[in-house]
2 protein chains.
Amino acid sequence: MKFTLYHSCITVLDLEKSMKFYEEAFGFKEVRRISSDDGSYEIVFMADEGDVTMLELTWYRDRTEPYDLGDNEIHVGFRVDDYDAAYAHHKEMGCICFENPKMGIYFVADPDGYWMEVVPTR
Amino acid sequence: MKFTLYHSCITVLDLEKSMKFYEEAFGFKEVRRISSDDGSYEIVFMADEGDVTMLELTWYRDRTEPYDLGDNEIHVGFRVDDYDAAYAHHKEMGCICFENPKMGIYFVADPDGYWMEVVPTR
């Protein structure tokens, strides 16, 4: 048996808003969608072209309250080829960011408050 | 700028136990570790050999209470080449599992209660 990481899933309150965020912030596009027969949920897989591992956005029609993210520090990490340009881009977008200069990484909050970590490609 | 998914991070209460779980359940090995100077945290990256995307386990020495995972449905997905063998293996291990036969996937709970999704390689 060979297991390989395939996707990271987050549940989102506003699918359009989250898709727009991941398009603008990370250049990700919709690569696959699963729609429920009754309209109660939509699942959208996003990635950059040619990527194998994807981000999965799950949306429930009947969810109206913001998600409780708990007190854990779950996050998703992205490599980027131009770290400084990425950080400038996210700040220009008005995203909430915080940097860990010692580790040479930063985090950016998505519309639901999930933290996305950005790491330079080494 | 080119962003690529790099890792999924979870915070774990018992690092040894979690590492053992991901070794036994998914065949993952430690590929990189970041240790704090004062022993207050350990960060272990795990993956199968040759994999680019990794699972990051973050452990804090001073954390004694189980993590609150909130009410979202965050999870990490794995592809596997032999779905039936994987499911049998996880049940044999005594893991809490639940299957979604309609979607042809199942979920397995890790020691902290995070759900890991298993999807057949298509």
# chains A, B, ... in the order shown; residues from 1 in each chain; ligands from 1
>>> interface_residues(of="chain B", to="chain A", cutoff="9 Å", atoms="only C-alpha atoms", output="JSON, numbers by chain")
{"B": [1, 2, 3, 4, 5, 6, 7, 8, 9, 10, 11, 12, 26, 27, 28, 47, 48, 51, 52, 53, 54, 55, 58, 67, 68, 69, 70, 71, 72, 73, 74, 75, 76, 77, 78, 79, 80, 81, 82, 83, 85, 86, 118, 119]}
>>> write_last_selection(atoms="N, CA and C atoms", output="compact mmCIF listing (two decimals), in the first residue's frame")
# COMPACT_ATOMS: atom_id res chain seq x y z
N MET B 1 4.70 34.46 -9.76
CA MET B 1 4.68 33.69 -8.52
C MET B 1 3.96 32.37 -8.73
N LYS B 2 4.53 31.35 -8.19
CA LYS B 2 3.91 30.03 -8.31
C LYS B 2 3.82 29.42 -6.90
N PHE B 3 2.58 29.24 -6.45
CA PHE B 3 2.34 28.63 -5.14
C PHE B 3 2.00 27.15 -5.32
N THR B 4 2.56 26.32 -4.47
CA THR B 4 2.26 24.89 -4.51
C THR B 4 1.99 24.40 -3.10
N LEU B 5 0.97 23.60 -2.94
CA LEU B 5 0.69 23.04 -1.61
C LEU B 5 1.90 22.24 -1.15
N TYR B 6 2.28 22.47 0.09
CA TYR B 6 3.54 21.95 0.59
C TYR B 6 3.33 21.02 1.78
N HIS B 7 2.46 21.42 2.70
CA HIS B 7 2.17 20.56 3.85
C HIS B 7 0.82 20.89 4.47
N SER B 8 0.34 19.93 5.26
CA SER B 8 -0.82 20.16 6.11
C SER B 8 -0.33 19.99 7.53
N CYS B 9 -0.63 20.95 8.37
CA CYS B 9 -0.15 20.91 9.75
C CYS B 9 -1.28 20.64 10.73
N ILE B 10 -1.01 19.73 11.65
CA ILE B 10 -1.93 19.51 12.78
C ILE B 10 -1.12 19.63 14.07
N THR B 11 -1.77 20.12 15.12
CA THR B 11 -1.12 20.16 16.44
C THR B 11 -1.53 18.91 17.19
N VAL B 12 -0.54 18.25 17.79
CA VAL B 12 -0.79 16.96 18.43
C VAL B 12 -0.40 17.00 19.91
N PHE B 26 -0.24 4.87 7.79
CA PHE B 26 -0.01 5.40 6.44
C PHE B 26 1.39 5.13 5.90
N GLY B 27 2.23 4.47 6.71
CA GLY B 27 3.58 4.17 6.22
C GLY B 27 4.46 5.40 6.12
N PHE B 28 4.09 6.48 6.82
CA PHE B 28 4.87 7.71 6.76
C PHE B 28 6.08 7.63 7.71
N ALA B 47 6.27 11.95 5.74
CA ALA B 47 5.79 11.65 4.39
C ALA B 47 6.25 10.25 4.01
N ASP B 48 5.71 9.74 2.94
CA ASP B 48 6.22 8.49 2.38
C ASP B 48 7.42 8.86 1.50
N ASP B 51 7.79 11.52 -1.55
CA ASP B 51 6.66 12.43 -1.63
C ASP B 51 7.11 13.87 -1.42
N VAL B 52 6.45 14.77 -2.11
CA VAL B 52 6.79 16.19 -2.02
C VAL B 52 5.96 16.87 -0.93
N THR B 53 4.69 16.49 -0.86
CA THR B 53 3.79 17.10 0.12
C THR B 53 3.86 16.30 1.42
N MET B 54 3.89 17.02 2.53
CA MET B 54 4.12 16.37 3.82
C MET B 54 3.05 16.70 4.84
N LEU B 55 3.00 15.85 5.86
CA LEU B 55 2.18 16.09 7.02
C LEU B 55 3.09 16.68 8.10
N THR B 58 2.90 19.29 14.91
CA THR B 58 3.46 20.29 15.83
C THR B 58 3.06 19.91 17.25
N TYR B 67 -6.79 19.02 22.28
CA TYR B 67 -7.12 20.16 21.44
C TYR B 67 -8.62 20.22 21.14
N ASP B 68 -9.13 21.44 21.16
CA ASP B 68 -10.50 21.69 20.71
C ASP B 68 -10.45 21.79 19.19
N LEU B 69 -11.12 20.89 18.50
CA LEU B 69 -11.05 20.86 17.04
C LEU B 69 -12.15 21.73 16.40
N GLY B 70 -12.97 22.38 17.21
CA GLY B 70 -14.00 23.25 16.66
C GLY B 70 -15.14 22.47 16.04
N ASP B 71 -15.93 23.13 15.22
CA ASP B 71 -17.07 22.44 14.60
C ASP B 71 -16.95 22.45 13.08
N ASN B 72 -15.76 22.74 12.60
CA ASN B 72 -15.54 22.69 11.16
C ASN B 72 -15.22 21.24 10.76
N GLU B 73 -15.06 21.00 9.49
CA GLU B 73 -14.79 19.62 9.03
C GLU B 73 -13.45 19.53 8.32
N ILE B 74 -12.51 20.31 8.80
CA ILE B 74 -11.16 20.25 8.25
C ILE B 74 -10.67 18.81 8.25
N HIS B 75 -10.07 18.40 7.18
CA HIS B 75 -9.43 17.08 7.18
C HIS B 75 -8.35 17.04 6.10
N VAL B 76 -7.56 15.99 6.17
CA VAL B 76 -6.49 15.79 5.20
C VAL B 76 -6.84 14.54 4.40
N GLY B 77 -6.62 14.60 3.10
CA GLY B 77 -6.96 13.46 2.24
C GLY B 77 -5.73 12.75 1.73
N PHE B 78 -5.80 11.43 1.67
CA PHE B 78 -4.71 10.60 1.14
C PHE B 78 -5.25 9.76 0.00
N ARG B 79 -4.48 9.66 -1.04
CA ARG B 79 -4.76 8.68 -2.09
C ARG B 79 -4.09 7.37 -1.69
N VAL B 80 -4.69 6.25 -2.05
CA VAL B 80 -4.03 4.96 -1.82
C VAL B 80 -4.27 4.06 -3.02
N ASP B 81 -3.26 3.25 -3.34
CA ASP B 81 -3.35 2.40 -4.52
C ASP B 81 -4.23 1.17 -4.29
N ASP B 82 -4.37 0.73 -3.03
CA ASP B 82 -5.23 -0.43 -2.75
C ASP B 82 -6.22 -0.05 -1.64
N TYR B 83 -7.35 0.44 -2.07
CA TYR B 83 -8.36 0.98 -1.14
C TYR B 83 -8.85 -0.09 -0.15
N ALA B 85 -7.48 -2.90 0.86
CA ALA B 85 -6.44 -3.31 1.81
C ALA B 85 -6.22 -2.22 2.86
N ALA B 86 -6.30 -0.97 2.43
CA ALA B 86 -6.12 0.15 3.36
C ALA B 86 -7.22 0.16 4.41
N VAL B 118 -9.46 8.76 3.11
CA VAL B 118 -8.74 7.87 2.21
C VAL B 118 -9.55 7.70 0.93
N VAL B 119 -8.87 7.95 -0.18
CA VAL B 119 -9.49 7.98 -1.51
C VAL B 119 -8.70 7.01 -2.39
>>> select_by_dssp(residues="chain B", states="strand (DSSP E)", output="PyMOL selection string")
chain B and resi 3-12+29-35+41-47+54-60+75-80+97-100+105-109+115-120
>>> calpha_fit_and_write(fixed="chain B", moving="chain A", output="short mmCIF file (atom, residue, chain, number, x, y, z; two decimals) with N, CA and C atoms, in the first residue's frame")
data_model
loop_
_atom_site.label_atom_id
_atom_site.label_comp_id
_atom_site.auth_asym_id
_atom_site.auth_seq_id
_atom_site.Cartn_x
_atom_site.Cartn_y
_atom_site.Cartn_z
N MET A 1 4.71 34.48 -9.76
CA MET A 1 4.68 33.71 -8.51
C MET A 1 3.96 32.39 -8.71
N LYS A 2 4.52 31.35 -8.19
CA LYS A 2 3.91 30.02 -8.31
C LYS A 2 3.80 29.42 -6.90
N PHE A 3 2.57 29.24 -6.46
CA PHE A 3 2.33 28.63 -5.15
C PHE A 3 1.99 27.16 -5.34
N THR A 4 2.54 26.32 -4.48
CA THR A 4 2.24 24.89 -4.51
C THR A 4 1.98 24.40 -3.10
N LEU A 5 0.96 23.60 -2.93
CA LEU A 5 0.69 23.04 -1.61
C LEU A 5 1.89 22.24 -1.15
N TYR A 6 2.27 22.46 0.09
CA TYR A 6 3.53 21.94 0.59
C TYR A 6 3.33 21.03 1.79
N HIS A 7 2.46 21.43 2.71
CA HIS A 7 2.18 20.56 3.85
C HIS A 7 0.83 20.88 4.47
N SER A 8 0.36 19.92 5.27
CA SER A 8 -0.81 20.15 6.12
C SER A 8 -0.32 19.97 7.54
N CYS A 9 -0.63 20.95 8.37
CA CYS A 9 -0.14 20.91 9.75
C CYS A 9 -1.27 20.63 10.72
N ILE A 10 -1.02 19.72 11.65
CA ILE A 10 -1.92 19.52 12.78
C ILE A 10 -1.11 19.62 14.07
N THR A 11 -1.77 20.11 15.12
CA THR A 11 -1.12 20.16 16.43
C THR A 11 -1.52 18.91 17.19
N VAL A 12 -0.54 18.25 17.79
CA VAL A 12 -0.79 16.95 18.44
C VAL A 12 -0.39 17.00 19.92
N LEU A 13 -1.12 16.24 20.72
CA LEU A 13 -0.92 16.25 22.16
C LEU A 13 0.23 15.32 22.57
N ASP A 14 0.36 14.19 21.87
CA ASP A 14 1.37 13.19 22.22
C ASP A 14 2.14 12.85 20.93
N LEU A 15 3.31 13.46 20.81
CA LEU A 15 4.07 13.35 19.55
C LEU A 15 4.44 11.91 19.21
N GLU A 16 4.92 11.16 20.20
CA GLU A 16 5.32 9.76 19.97
C GLU A 16 4.14 8.94 19.44
N LYS A 17 3.00 9.13 20.11
CA LYS A 17 1.80 8.38 19.76
C LYS A 17 1.34 8.73 18.34
N SER A 18 1.38 10.00 18.01
CA SER A 18 0.94 10.43 16.67
C SER A 18 1.91 9.94 15.60
N MET A 19 3.21 10.02 15.88
CA MET A 19 4.20 9.53 14.90
C MET A 19 4.00 8.04 14.65
N LYS A 20 3.77 7.29 15.75
CA LYS A 20 3.55 5.85 15.63
C LYS A 20 2.30 5.59 14.80
N PHE A 21 1.26 6.38 15.05
CA PHE A 21 0.02 6.21 14.28
C PHE A 21 0.26 6.43 12.79
N TYR A 22 0.93 7.52 12.42
CA TYR A 22 1.12 7.82 10.99
C TYR A 22 2.10 6.85 10.33
N GLU A 23 3.00 6.30 11.12
CA GLU A 23 3.89 5.25 10.60
C GLU A 23 3.09 3.98 10.30
N GLU A 24 2.31 3.56 11.29
CA GLU A 24 1.56 2.30 11.15
C GLU A 24 0.40 2.43 10.17
N ALA A 25 -0.32 3.53 10.28
CA ALA A 25 -1.55 3.67 9.49
C ALA A 25 -1.27 4.04 8.04
N PHE A 26 -0.24 4.87 7.80
CA PHE A 26 0.00 5.39 6.45
C PHE A 26 1.40 5.13 5.90
N GLY A 27 2.23 4.47 6.70
CA GLY A 27 3.58 4.18 6.24
C GLY A 27 4.46 5.40 6.13
N PHE A 28 4.08 6.49 6.82
CA PHE A 28 4.87 7.71 6.76
C PHE A 28 6.08 7.64 7.70
N LYS A 29 7.14 8.31 7.31
CA LYS A 29 8.36 8.37 8.12
C LYS A 29 8.72 9.83 8.39
N GLU A 30 9.50 10.04 9.43
CA GLU A 30 10.01 11.39 9.71
C GLU A 30 10.99 11.79 8.61
N VAL A 31 10.77 12.95 8.01
CA VAL A 31 11.70 13.39 6.96
C VAL A 31 12.44 14.67 7.36
N ARG A 32 11.90 15.38 8.36
CA ARG A 32 12.56 16.61 8.80
C ARG A 32 12.03 16.96 10.18
N ARG A 33 12.89 17.56 11.01
CA ARG A 33 12.45 17.93 12.36
C ARG A 33 13.02 19.29 12.72
N ILE A 34 12.19 20.11 13.37
CA ILE A 34 12.63 21.40 13.91
C ILE A 34 12.40 21.33 15.41
N SER A 35 13.49 21.46 16.18
CA SER A 35 13.37 21.40 17.63
C SER A 35 13.64 22.78 18.20
N SER A 36 12.86 23.17 19.18
CA SER A 36 13.08 24.47 19.83
C SER A 36 14.33 24.37 20.70
N ASP A 37 14.98 25.51 20.90
CA ASP A 37 16.18 25.55 21.73
C ASP A 37 15.87 25.19 23.17
N ASP A 38 14.71 25.58 23.64
CA ASP A 38 14.37 25.39 25.05
C ASP A 38 13.48 24.17 25.32
N GLY A 39 13.28 23.36 24.29
CA GLY A 39 12.47 22.15 24.48
C GLY A 39 10.98 22.38 24.54
N SER A 40 10.54 23.59 24.22
CA SER A 40 9.11 23.90 24.37
C SER A 40 8.24 23.38 23.22
N TYR A 41 8.87 23.11 22.09
CA TYR A 41 8.10 22.53 20.98
C TYR A 41 8.97 21.65 20.10
N GLU A 42 8.30 20.78 19.36
CA GLU A 42 8.97 19.97 18.33
C GLU A 42 8.06 19.99 17.11
N ILE A 43 8.65 20.11 15.94
CA ILE A 43 7.88 20.07 14.70
C ILE A 43 8.46 18.93 13.86
N VAL A 44 7.62 17.97 13.52
CA VAL A 44 8.09 16.82 12.75
C VAL A 44 7.31 16.75 11.43
N PHE A 45 8.05 16.72 10.34
CA PHE A 45 7.44 16.55 9.02
C PHE A 45 7.51 15.07 8.66
N MET A 46 6.37 14.53 8.22
CA MET A 46 6.32 13.11 7.84
C MET A 46 5.77 12.96 6.42
N ALA A 47 6.28 11.94 5.74
CA ALA A 47 5.80 11.65 4.38
C ALA A 47 6.26 10.25 4.01
N ASP A 48 5.71 9.74 2.94
CA ASP A 48 6.22 8.49 2.39
C ASP A 48 7.42 8.86 1.51
N GLU A 49 8.27 7.90 1.27
CA GLU A 49 9.51 8.14 0.52
C GLU A 49 9.21 8.76 -0.84
N GLY A 50 9.90 9.83 -1.15
CA GLY A 50 9.76 10.44 -2.46
C GLY A 50 8.61 11.41 -2.58
N ASP A 51 7.77 11.50 -1.55
CA ASP A 51 6.65 12.43 -1.62
C ASP A 51 7.11 13.87 -1.42
N VAL A 52 6.45 14.78 -2.11
CA VAL A 52 6.79 16.19 -2.01
C VAL A 52 5.96 16.86 -0.92
N THR A 53 4.69 16.49 -0.85
CA THR A 53 3.80 17.10 0.14
C THR A 53 3.86 16.30 1.44
N MET A 54 3.89 17.03 2.54
CA MET A 54 4.13 16.37 3.83
C MET A 54 3.07 16.69 4.86
N LEU A 55 3.02 15.84 5.87
CA LEU A 55 2.18 16.09 7.03
C LEU A 55 3.09 16.68 8.11
N GLU A 56 2.67 17.78 8.71
CA GLU A 56 3.47 18.42 9.75
C GLU A 56 2.79 18.21 11.10
N LEU A 57 3.51 17.60 12.02
CA LEU A 57 3.00 17.42 13.39
C LEU A 57 3.69 18.43 14.30
N THR A 58 2.90 19.28 14.93
CA THR A 58 3.47 20.28 15.84
C THR A 58 3.07 19.91 17.26
N TRP A 59 4.07 19.86 18.12
CA TRP A 59 3.85 19.45 19.52
C TRP A 59 4.39 20.53 20.45
N TYR A 60 3.57 20.87 21.46
CA TYR A 60 3.99 21.84 22.48
C TYR A 60 4.11 21.14 23.83
N ARG A 61 5.26 21.25 24.44
CA ARG A 61 5.52 20.60 25.75
C ARG A 61 4.49 20.98 26.81
N ASP A 62 4.09 22.26 26.81
CA ASP A 62 3.23 22.73 27.90
C ASP A 62 1.74 22.49 27.66
N ARG A 63 1.41 21.89 26.52
CA ARG A 63 0.00 21.60 26.25
C ARG A 63 -0.39 20.30 26.94
N THR A 64 -1.36 20.36 27.81
CA THR A 64 -1.79 19.15 28.52
C THR A 64 -3.23 18.76 28.20
N GLU A 65 -4.03 19.73 27.78
CA GLU A 65 -5.43 19.46 27.47
C GLU A 65 -5.59 19.03 26.02
N PRO A 66 -6.50 18.09 25.75
CA PRO A 66 -6.77 17.75 24.35
C PRO A 66 -7.15 19.00 23.55
N TYR A 67 -6.79 19.01 22.29
CA TYR A 67 -7.12 20.17 21.44
C TYR A 67 -8.61 20.23 21.13
N ASP A 68 -9.13 21.43 21.16
CA ASP A 68 -10.50 21.69 20.71
C ASP A 68 -10.44 21.80 19.19
N LEU A 69 -11.12 20.90 18.50
CA LEU A 69 -11.05 20.89 17.03
C LEU A 69 -12.15 21.73 16.39
N GLY A 70 -12.97 22.38 17.22
CA GLY A 70 -14.01 23.25 16.67
C GLY A 70 -15.14 22.46 16.04
N ASP A 71 -15.94 23.12 15.24
CA ASP A 71 -17.07 22.43 14.61
C ASP A 71 -16.95 22.44 13.09
N ASN A 72 -15.76 22.73 12.61
CA ASN A 72 -15.54 22.69 11.17
C ASN A 72 -15.22 21.24 10.77
N GLU A 73 -15.06 20.99 9.51
CA GLU A 73 -14.79 19.62 9.05
C GLU A 73 -13.45 19.51 8.33
N ILE A 74 -12.52 20.29 8.81
CA ILE A 74 -11.16 20.23 8.26
C ILE A 74 -10.67 18.79 8.27
N HIS A 75 -10.06 18.38 7.20
CA HIS A 75 -9.43 17.06 7.20
C HIS A 75 -8.36 17.02 6.12
N VAL A 76 -7.56 15.98 6.18
CA VAL A 76 -6.50 15.79 5.21
C VAL A 76 -6.84 14.54 4.41
N GLY A 77 -6.63 14.60 3.11
CA GLY A 77 -6.96 13.46 2.25
C GLY A 77 -5.72 12.75 1.75
N PHE A 78 -5.79 11.43 1.68
CA PHE A 78 -4.70 10.60 1.15
C PHE A 78 -5.24 9.77 -0.01
N ARG A 79 -4.48 9.67 -1.04
CA ARG A 79 -4.76 8.68 -2.09
C ARG A 79 -4.08 7.37 -1.69
N VAL A 80 -4.69 6.25 -2.06
CA VAL A 80 -4.04 4.96 -1.82
C VAL A 80 -4.28 4.05 -3.03
N ASP A 81 -3.26 3.26 -3.34
CA ASP A 81 -3.34 2.40 -4.53
C ASP A 81 -4.22 1.17 -4.30
N ASP A 82 -4.37 0.73 -3.04
CA ASP A 82 -5.22 -0.43 -2.75
C ASP A 82 -6.21 -0.04 -1.65
N TYR A 83 -7.35 0.44 -2.07
CA TYR A 83 -8.36 0.97 -1.14
C TYR A 83 -8.85 -0.09 -0.16
N ASP A 84 -9.20 -1.27 -0.65
CA ASP A 84 -9.76 -2.30 0.22
C ASP A 84 -8.75 -2.75 1.27
N ALA A 85 -7.50 -2.91 0.85
CA ALA A 85 -6.44 -3.32 1.80
C ALA A 85 -6.23 -2.22 2.84
N ALA A 86 -6.31 -0.96 2.42
CA ALA A 86 -6.12 0.15 3.34
C ALA A 86 -7.22 0.17 4.39
N TYR A 87 -8.45 -0.01 3.94
CA TYR A 87 -9.59 0.02 4.86
C TYR A 87 -9.48 -1.15 5.86
N ALA A 88 -9.14 -2.34 5.35
CA ALA A 88 -8.99 -3.51 6.22
C ALA A 88 -7.88 -3.26 7.25
N HIS A 89 -6.79 -2.68 6.79
CA HIS A 89 -5.64 -2.38 7.67
C HIS A 89 -6.04 -1.43 8.80
N HIS A 90 -6.76 -0.39 8.46
CA HIS A 90 -7.15 0.59 9.48
C HIS A 90 -8.15 0.00 10.47
N LYS A 91 -9.03 -0.85 9.98
CA LYS A 91 -9.97 -1.50 10.90
C LYS A 91 -9.24 -2.49 11.81
N GLU A 92 -8.30 -3.22 11.25
CA GLU A 92 -7.48 -4.16 12.04
C GLU A 92 -6.69 -3.43 13.13
N MET A 93 -6.26 -2.22 12.83
CA MET A 93 -5.53 -1.42 13.82
C MET A 93 -6.43 -0.96 14.95
N GLY A 94 -7.74 -1.12 14.76
CA GLY A 94 -8.68 -0.67 15.78
C GLY A 94 -9.04 0.79 15.67
N CYS A 95 -8.74 1.39 14.51
CA CYS A 95 -9.05 2.81 14.31
C CYS A 95 -10.55 3.03 14.19
N ILE A 96 -10.97 4.21 14.60
CA ILE A 96 -12.36 4.62 14.36
C ILE A 96 -12.44 5.02 12.89
N CYS A 97 -13.32 4.34 12.15
CA CYS A 97 -13.46 4.60 10.71
C CYS A 97 -14.93 4.81 10.39
N PHE A 98 -15.19 5.61 9.38
CA PHE A 98 -16.53 5.56 8.79
C PHE A 98 -16.42 5.75 7.29
N GLU A 99 -17.26 4.97 6.61
CA GLU A 99 -17.18 4.96 5.15
C GLU A 99 -18.33 5.76 4.56
N ASN A 100 -18.06 6.36 3.42
CA ASN A 100 -19.11 6.98 2.61
C ASN A 100 -19.15 6.18 1.31
N PRO A 101 -19.97 5.11 1.29
CA PRO A 101 -19.95 4.20 0.13
C PRO A 101 -20.36 4.90 -1.17
N LYS A 102 -21.25 5.88 -1.06
CA LYS A 102 -21.70 6.59 -2.26
C LYS A 102 -20.52 7.30 -2.94
N MET A 103 -19.67 7.90 -2.10
CA MET A 103 -18.50 8.60 -2.65
C MET A 103 -17.31 7.66 -2.84
N GLY A 104 -17.36 6.46 -2.27
CA GLY A 104 -16.24 5.52 -2.41
C GLY A 104 -15.01 5.96 -1.64
N ILE A 105 -15.24 6.52 -0.45
CA ILE A 105 -14.14 7.01 0.40
C ILE A 105 -14.42 6.59 1.84
N TYR A 106 -13.40 6.65 2.67
CA TYR A 106 -13.66 6.51 4.11
C TYR A 106 -12.76 7.46 4.87
N PHE A 107 -13.13 7.63 6.15
CA PHE A 107 -12.37 8.51 7.03
C PHE A 107 -11.86 7.69 8.21
N VAL A 108 -10.69 8.04 8.68
CA VAL A 108 -10.11 7.37 9.84
C VAL A 108 -9.66 8.46 10.83
N ALA A 109 -9.96 8.23 12.11
CA ALA A 109 -9.61 9.23 13.13
C ALA A 109 -8.19 8.98 13.63
N ASP A 110 -7.44 10.06 13.78
CA ASP A 110 -6.08 9.93 14.33
C ASP A 110 -6.15 10.09 15.87
N PRO A 111 -5.02 9.97 16.58
CA PRO A 111 -5.08 10.00 18.05
C PRO A 111 -5.69 11.27 18.64
N ASP A 112 -5.61 12.40 17.94
CA ASP A 112 -6.21 13.63 18.46
C ASP A 112 -7.65 13.83 17.97
N GLY A 113 -8.13 12.90 17.14
CA GLY A 113 -9.50 13.03 16.64
C GLY A 113 -9.60 13.73 15.30
N TYR A 114 -8.46 14.08 14.70
CA TYR A 114 -8.50 14.66 13.34
C TYR A 114 -8.90 13.55 12.38
N TRP A 115 -9.72 13.90 11.41
CA TRP A 115 -10.15 12.93 10.41
C TRP A 115 -9.23 12.93 9.21
N MET A 116 -8.80 11.74 8.82
CA MET A 116 -7.99 11.56 7.62
C MET A 116 -8.85 10.84 6.59
N GLU A 117 -8.95 11.40 5.41
CA GLU A 117 -9.79 10.80 4.37
C GLU A 117 -8.93 9.92 3.48
N VAL A 118 -9.46 8.76 3.11
CA VAL A 118 -8.74 7.87 2.21
C VAL A 118 -9.55 7.70 0.92
N VAL A 119 -8.87 7.95 -0.18
CA VAL A 119 -9.48 7.98 -1.51
C VAL A 119 -8.70 7.01 -2.39
N PRO A 120 -9.38 6.17 -3.16
CA PRO A 120 -8.61 5.30 -4.06
C PRO A 120 -7.96 6.10 -5.18
N THR A 121 -6.74 5.73 -5.54
CA THR A 121 -6.07 6.35 -6.69
C THR A 121 -6.86 5.95 -7.93
N ARG A 122 -7.27 6.93 -8.69
CA ARG A 122 -8.13 6.63 -9.85
C ARG A 122 -7.35 6.71 -11.13
#
>>> select_by_dssp(residues="stretch 38-110 of chain B", states="alpha helix (DSSP H)", output="count of residues only")
10
